[in-house]
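Trainee: My file is upload-v8.csv. It has CSV, C-alpha atoms:
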```csv
chain,number,residue,atom,x,y,z
A,813,GLU,CA,46.8,15.8,24.9
A,814,ALA,CA,45.8,14.4,21.5
A,815,GLN,CA,48.3,15.6,18.9
A,816,VAL,CA,50.3,15.0,15.8
A,817,THR,CA,53.9,16.1,16.0
A,818,GLN,CA,56.1,16.9,13.1
A,819,ASN,CA,59.8,17.7,13.1
A,820,PRO,CA,61.5,19.8,12.1
A,821,ARG,CA,59.1,22.8,11.7
A,822,TYR,CA,61.5,24.6,9.4
A,823,LEU,CA,64.3,23.2,7.2
A,824,ILE,CA,66.6,24.7,4.6
A,825,THR,CA,68.6,22.2,2.7
A,826,VAL,CA,70.6,21.8,-0.5
A,827,THR,CA,69.6,19.9,-3.6
A,828,GLY,CA,70.4,16.2,-3.4
A,829,LYS,CA,70.9,15.9,0.4
A,830,LYS,CA,68.7,13.2,1.8
A,831,LEU,CA,66.3,14.3,4.5
A,832,THR,CA,63.6,12.9,6.7
A,833,VAL,CA,60.6,14.7,8.2
A,834,THR,CA,59.2,12.8,11.2
A,835,CYS,CA,55.6,12.5,12.1
A,836,SER,CA,54.2,11.0,15.2
A,837,GLN,CA,50.6,10.7,16.6
A,838,ASN,CA,49.4,9.7,20.0
A,839,MET,CA,45.8,8.8,19.2
A,840,ASN,CA,46.2,5.3,18.0
A,841,HIS,CA,44.8,6.3,14.6
A,842,GLU,CA,45.0,3.7,11.8
A,843,TYR,CA,45.2,6.3,9.0
A,844,MET,CA,48.1,8.7,8.4
A,845,SER,CA,48.8,10.9,5.4
A,846,TRP,CA,51.3,13.4,4.1
A,847,TYR,CA,50.3,16.5,2.2
A,848,ARG,CA,52.1,19.3,0.6
A,849,GLN,CA,50.5,22.7,0.2
A,850,ASP,CA,51.6,25.2,-2.4
A,851,PRO,CA,50.1,28.6,-3.2
A,852,GLY,CA,47.0,28.3,-5.5
A,853,LEU,CA,47.1,24.5,-5.4
A,854,GLY,CA,45.6,23.6,-2.1
A,855,LEU,CA,46.4,20.5,-0.2
A,856,ARG,CA,47.8,17.6,-2.3
A,857,GLN,CA,48.2,14.2,-0.9
A,858,ILE,CA,51.7,12.7,-1.3
A,859,TYR,CA,51.3,9.3,0.4
A,860,TYR,CA,48.9,7.7,2.8
A,861,SER,CA,48.9,4.7,5.1
A,862,MET,CA,45.9,2.6,6.2
A,863,ASN,CA,47.9,0.8,9.0
A,864,VAL,CA,51.3,-0.6,9.9
A,865,GLU,CA,53.2,-1.8,6.8
A,866,VAL,CA,50.3,-0.6,4.5
A,867,THR,CA,51.2,2.5,2.4
A,868,ASP,CA,50.1,3.8,-1.0
A,869,LYS,CA,50.7,6.7,-3.3
A,870,GLY,CA,48.6,9.8,-3.3
A,871,ASP,CA,48.3,12.4,-6.0
A,872,VAL,CA,51.9,13.6,-6.0
A,873,PRO,CA,54.2,10.8,-4.8
A,874,GLU,CA,57.2,11.4,-7.1
A,875,GLY,CA,60.4,12.1,-5.3
A,876,TYR,CA,59.1,10.9,-1.9
A,877,LYS,CA,59.2,7.8,0.2
A,878,VAL,CA,57.4,6.8,3.4
A,879,SER,CA,57.4,4.0,5.8
A,880,ARG,CA,55.0,2.8,8.5
A,881,LYS,CA,56.8,0.4,10.8
A,882,GLU,CA,54.9,1.5,13.9
A,883,LYS,CA,51.4,2.7,14.2
A,884,ARG,CA,52.3,6.0,15.7
A,885,ASN,CA,55.1,7.0,13.3
A,886,PHE,CA,54.9,7.9,9.6
A,887,PRO,CA,58.2,9.6,8.4
A,888,LEU,CA,58.5,11.3,5.0
A,889,ILE,CA,61.7,10.7,3.2
A,890,LEU,CA,63.2,12.8,0.4
A,891,GLU,CA,66.1,10.8,-1.0
A,892,SER,CA,67.3,13.5,-3.3
A,893,PRO,CA,65.5,16.8,-2.7
A,894,SER,CA,65.1,19.2,-5.6
A,895,PRO,CA,63.9,22.9,-5.6
A,896,ASN,CA,60.5,21.9,-6.8
A,897,GLN,CA,59.9,20.2,-3.5
A,898,THR,CA,60.1,23.5,-1.7
A,899,SER,CA,56.7,23.6,0.0
A,900,LEU,CA,54.7,23.5,3.2
A,901,TYR,CA,54.2,19.9,4.4
A,902,PHE,CA,51.6,18.5,6.7
A,903,CYS,CA,51.2,15.2,8.3
A,904,ALA,CA,47.7,14.1,9.4
A,905,SER,CA,46.1,11.2,11.2
A,906,SER,CA,42.6,9.9,11.4
A,907,THR,CA,40.4,7.0,12.2
A,908,THR,CA,37.3,5.7,10.4
A,909,GLY,CA,34.6,8.3,10.0
A,910,THR,CA,36.4,11.1,11.7
A,911,GLY,CA,38.1,14.2,10.4
A,912,ALA,CA,41.9,14.3,10.3
A,913,PHE,CA,44.2,15.9,12.9
A,914,PHE,CA,47.1,17.7,11.4
A,915,GLY,CA,50.6,18.4,12.6
A,916,GLN,CA,51.8,22.0,12.7
A,917,GLY,CA,53.6,21.7,9.4
A,918,THR,CA,57.1,21.7,8.1
A,919,ARG,CA,58.3,24.5,5.9
A,920,LEU,CA,60.9,23.1,3.6
A,921,THR,CA,63.2,25.1,1.3
A,922,VAL,CA,65.5,23.3,-1.1
A,923,VAL,CA,68.2,25.5,-2.6
B,34,ARG,CA,36.2,17.5,-12.8
B,35,LYS,CA,37.6,17.9,-9.4
B,36,GLU,CA,36.3,15.5,-6.7
B,37,VAL,CA,35.6,18.4,-4.4
B,38,GLU,CA,35.0,21.9,-5.7
B,39,GLN,CA,34.8,25.2,-3.9
B,40,ASP,CA,34.6,28.8,-4.9
B,41,PRO,CA,38.1,30.1,-4.1
B,42,GLY,CA,36.8,33.6,-3.3
B,43,PRO,CA,38.1,35.8,-1.9
B,44,PHE,CA,35.0,36.7,0.1
B,45,ASN,CA,35.4,40.2,1.7
B,46,VAL,CA,32.6,40.9,4.1
B,47,PRO,CA,32.0,43.6,6.8
B,48,GLU,CA,32.0,42.6,10.4
B,49,GLY,CA,28.5,41.4,11.4
B,50,ALA,CA,27.6,40.1,8.0
B,51,THR,CA,26.3,36.6,7.2
B,52,VAL,CA,28.3,34.7,4.7
B,53,ALA,CA,27.7,31.3,3.1
B,54,PHE,CA,30.1,28.9,1.4
B,55,ASN,CA,29.1,26.1,-0.9
B,56,CYS,CA,31.0,23.0,-1.8
B,57,THR,CA,30.1,20.3,-4.4
B,58,TYR,CA,31.4,16.7,-4.5
B,59,SER,CA,31.4,14.4,-7.4
B,60,ASN,CA,31.4,10.9,-5.8
B,61,SER,CA,28.0,9.8,-4.7
B,62,ALA,CA,29.6,7.2,-2.4
B,63,SER,CA,30.9,10.1,-0.2
B,64,GLN,CA,30.0,9.3,3.3
B,65,SER,CA,31.4,11.8,5.8
B,66,PHE,CA,31.7,15.5,5.4
B,67,PHE,CA,33.6,18.2,7.3
B,68,TRP,CA,34.5,21.8,7.2
B,69,TYR,CA,38.0,22.8,8.2
B,70,ARG,CA,39.5,26.2,8.9
B,71,GLN,CA,43.0,27.1,8.0
B,72,ASP,CA,44.8,30.3,9.1
B,73,CYS,CA,47.6,31.6,7.0
B,74,ARG,CA,50.6,29.2,7.1
B,75,LYS,CA,49.0,27.2,9.9
B,76,GLU,CA,47.7,23.7,9.9
B,77,PRO,CA,44.1,23.0,9.0
B,78,LYS,CA,41.8,22.5,12.0
B,79,LEU,CA,38.5,20.7,12.1
B,80,LEU,CA,35.7,23.3,12.4
B,81,MET,CA,32.7,21.0,12.3
B,82,SER,CA,31.4,17.7,10.9
B,83,VAL,CA,28.4,17.9,8.6
B,84,TYR,CA,25.5,15.6,9.4
B,85,SER,CA,22.6,14.7,7.1
B,86,SER,CA,20.1,16.6,9.2
B,87,GLY,CA,22.2,19.7,9.3
B,88,ASN,CA,24.0,20.9,12.4
B,89,GLU,CA,24.8,24.1,14.2
B,90,ASP,CA,27.6,25.2,16.4
B,91,GLY,CA,27.1,28.7,17.7
B,92,ARG,CA,27.3,31.1,14.8
B,93,PHE,CA,28.1,28.3,12.3
B,94,THR,CA,25.6,26.2,10.5
B,95,ALA,CA,26.5,23.3,8.2
B,96,GLN,CA,24.1,21.6,5.8
B,97,LEU,CA,24.3,18.6,3.5
B,98,ASN,CA,22.3,18.0,0.4
B,99,ARG,CA,23.0,14.4,-0.8
B,100,ALA,CA,20.6,14.6,-3.7
B,101,SER,CA,22.5,17.6,-5.2
B,102,GLN,CA,25.8,16.5,-3.8
B,103,TYR,CA,26.7,19.7,-2.0
B,104,ILE,CA,27.4,20.9,1.5
B,105,SER,CA,27.3,24.4,2.8
B,106,LEU,CA,28.6,26.5,5.7
B,107,LEU,CA,26.9,29.5,7.0
B,108,ILE,CA,28.6,32.0,9.3
B,109,ARG,CA,26.3,34.5,11.0
B,110,ASP,CA,27.4,37.7,12.7
B,111,SER,CA,30.9,37.3,11.3
B,112,LYS,CA,33.9,38.4,13.4
B,113,LEU,CA,37.3,39.7,12.4
B,114,SER,CA,38.7,36.5,13.8
B,115,ASP,CA,36.7,34.4,11.3
B,116,SER,CA,39.1,35.6,8.6
B,117,ALA,CA,40.7,32.4,7.3
B,118,THR,CA,40.5,29.9,4.5
B,119,TYR,CA,37.6,27.4,4.8
B,120,LEU,CA,38.2,23.9,3.4
B,121,CYS,CA,35.5,21.5,2.4
B,122,VAL,CA,36.4,17.8,3.1
B,123,VAL,CA,34.7,14.6,2.1
B,124,ASN,CA,35.4,10.9,2.9
B,125,VAL,CA,34.3,8.3,0.3
B,126,ALA,CA,33.0,5.1,1.8
B,127,GLY,CA,35.6,2.4,1.6
B,128,SER,CA,38.3,4.7,0.3
B,129,ALA,CA,41.7,4.0,1.5
B,130,ARG,CA,42.7,7.6,0.9
B,131,GLN,CA,40.4,8.7,3.7
B,132,LEU,CA,39.8,12.3,3.0
B,133,THR,CA,39.6,14.5,-0.1
B,134,PHE,CA,40.1,18.2,0.4
B,135,GLY,CA,38.7,21.1,-1.6
B,136,SER,CA,41.1,23.9,-2.5
B,137,GLY,CA,39.5,26.2,0.0
B,138,THR,CA,37.5,29.5,0.1
B,139,GLN,CA,39.3,32.5,1.5
B,140,LEU,CA,37.3,34.8,3.8
B,141,THR,CA,38.3,38.2,5.0
B,142,VAL,CA,36.1,40.0,7.5
B,143,LEU,CA,36.6,43.7,7.4
B,144,PRO,CA,36.2,46.2,10.3
```
Rewrite the structure of this file - the entire thing - as structure tokens.

Mentor:
Amino acid sequence: EAQVTQNPRYLITVTGKKLTVTCSQNMNHEYMSWYRQDPGLGLRQIYYSMNVEVTDKGDVPEGYKVSRKEKRNFPLILESPSPNQTSLYFCASSTTGTGAFFGQGTRLTVV
Amino acid sequence: RKEVEQDPGPFNVPEGATVAFNCTYSNSASQSFFWYRQDCRKEPKLLMSVYSSGNEDGRFTAQLNRASQYISLLIRDSKLSDSATYLCVVNVAGSARQLTFGSGTQLTVLP
């Protein structure tokens, strides 16, 4: 079954404690992205990747890092989380000309 | 000006009504167009692609007007289960960022 898998689904953490949200896709898609979604602000792109070892900033990259060492994986790293990073996060993958497939989301709370 | 603009709604319609959403995009190089559906706190899911000639899928009809740079989604005979947020999505030719999302239009179908 074609899917994008994010983990964890829910996470509560404390300010400053490094965390990683994993994302994996099994469709051999070149493109992968991370979005955050906040009430009234819609989906905002954090980072995107065109292929292995090729990543770039989206609209709201501050406070986040990503890596793309393998085609299927695109982890999102928060080196020092802060409360303003409390949000719903989605990973997505796509290939040229197609719509994106989304993971089920990660609800992050930073206290 | 936002790259993709949608009326945020909310649209409250009775069951059985016909409802239409419009979406405008600013980049004339936009190449691919999609409508997504997002249920509360769930991941966005591809509803349908939008083709130049217009396309229909059951009760849903999507149309594209390249000259005026807008796309539309028509839902006929609306059901309670159609209640969701509908996202307009465009892909700009050659854009590494792949997809740009509108902020969504909220639909509630009332019994």

Trainee: Show me, as a PyMOL selection string, the residues of chain A whose atoms get within 9 Å of chain B, using only C-alpha atoms for the distance check.

Mentor: chain A and resi 843+845+852-857+859-862+868+870+900+902+906-917

Trainee: What does the distance from CA of Asn896 in chain A to CA of Arg848 in chain A come to in Å, to one decimal?

Mentor: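 So the two atoms, CA of Asn896 in chain A and CA of Arg848 in chain A, lie 11.5 Å apart.
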
Trainee: Rounded to one decimal place, report the CA of Asp115 in chain B-CA of Tyr84 in chain B distance in Å.

Mentor: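 CA of Asp115 in chain B sits 22.0 Å away from CA of Tyr84 in chain B.
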
Trainee: Which one is closest to Leu920 in chain A: A:Ser899, A:Gln837, A:Lys881, A:Pro851? Count all atoms listed in the file.

Mentor: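 The answer is A:Ser899, which sits nearest to Leu920 in chain A.
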
Trainee: Would you mind telling me which residue in B:Pro144, B:Gly91, B:Pro47, B:Gly42 lies nearest to Ile108 in chain B when using only C-alpha atoms?

Mentor: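 Closest to Ile108 in chain B, using only C-alpha atoms: B:Gly91.
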
Trainee: I'd like the neighbourhood of range 818-821 of chain A as a list in words, where a residue qualifies if any of its atoms comes within 6 Å (using only C-alpha atoms), though same-chain residues fewer than 3 positions away should be ignored.

Mentor: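 What passes the distance filter is Val833, Thr834, Cys835, Gly915 and Thr918 of chain A.
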
Trainee: What does the distance from CA of Glu89 in chain B to CA of Tyr847 in chain A come to in Å, to one decimal?

Mentor: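 Separating CA of Glu89 in chain B from CA of Tyr847 in chain A is a distance of 29.2 Å.
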
Trainee: Dump as a list in words all residues having an atom at most 7 Å from (25.8, 38.6, 12.1), computed in the file's coordinates with only C-alpha atoms.

Mentor: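 Here is the list of nearby residues: Gly49, Ala50, Thr51, Arg109, Asp110 and Ser111 of chain B.
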
Trainee: Which neighbours of Asn60 in chain B fall inside 9 Å, counting all atoms listed in the file, when residues of the same chain fewer than 2 positions from it are skipped, and could you give them as a short mmCIF file (atom, residue, chain, number, x, y, z; two decimals) with C-alpha atoms, in the coordinates of the input?

Mentor:
```cif
data_model
loop_
_atom_site.label_atom_id
_atom_site.label_comp_id
_atom_site.auth_asym_id
_atom_site.auth_seq_id
_atom_site.Cartn_x
_atom_site.Cartn_y
_atom_site.Cartn_z
CA GLU B 36 36.30 15.50 -6.70
CA VAL B 37 35.60 18.40 -4.40
CA TYR B 58 31.40 16.70 -4.50
CA ALA B 62 29.60 7.20 -2.40
CA SER B 63 30.90 10.10 -0.20
CA GLN B 102 25.80 16.50 -3.80
CA VAL B 125 34.30 8.30 0.30
#
```

Trainee: Any idea what's packed within 8 Å of range 824-832 of chain A, counting only C-alpha atoms, ignoring anything in its chain fewer than 4 positions away? Could you give it as a short mmCIF file (atom, residue, chain, number, x, y, z; two decimals) with C-alpha atoms, keeping the file's coordinate frame?

Mentor:
```cif
data_model
loop_
_atom_site.label_atom_id
_atom_site.label_comp_id
_atom_site.auth_asym_id
_atom_site.auth_seq_id
_atom_site.Cartn_x
_atom_site.Cartn_y
_atom_site.Cartn_z
CA PRO A 887 58.20 9.60 8.40
CA LEU A 888 58.50 11.30 5.00
CA ILE A 889 61.70 10.70 3.20
CA LEU A 890 63.20 12.80 0.40
CA GLU A 891 66.10 10.80 -1.00
CA SER A 892 67.30 13.50 -3.30
CA PRO A 893 65.50 16.80 -2.70
CA SER A 894 65.10 19.20 -5.60
CA PRO A 895 63.90 22.90 -5.60
CA LEU A 920 60.90 23.10 3.60
CA THR A 921 63.20 25.10 1.30
CA VAL A 922 65.50 23.30 -1.10
CA VAL A 923 68.20 25.50 -2.60
#
```
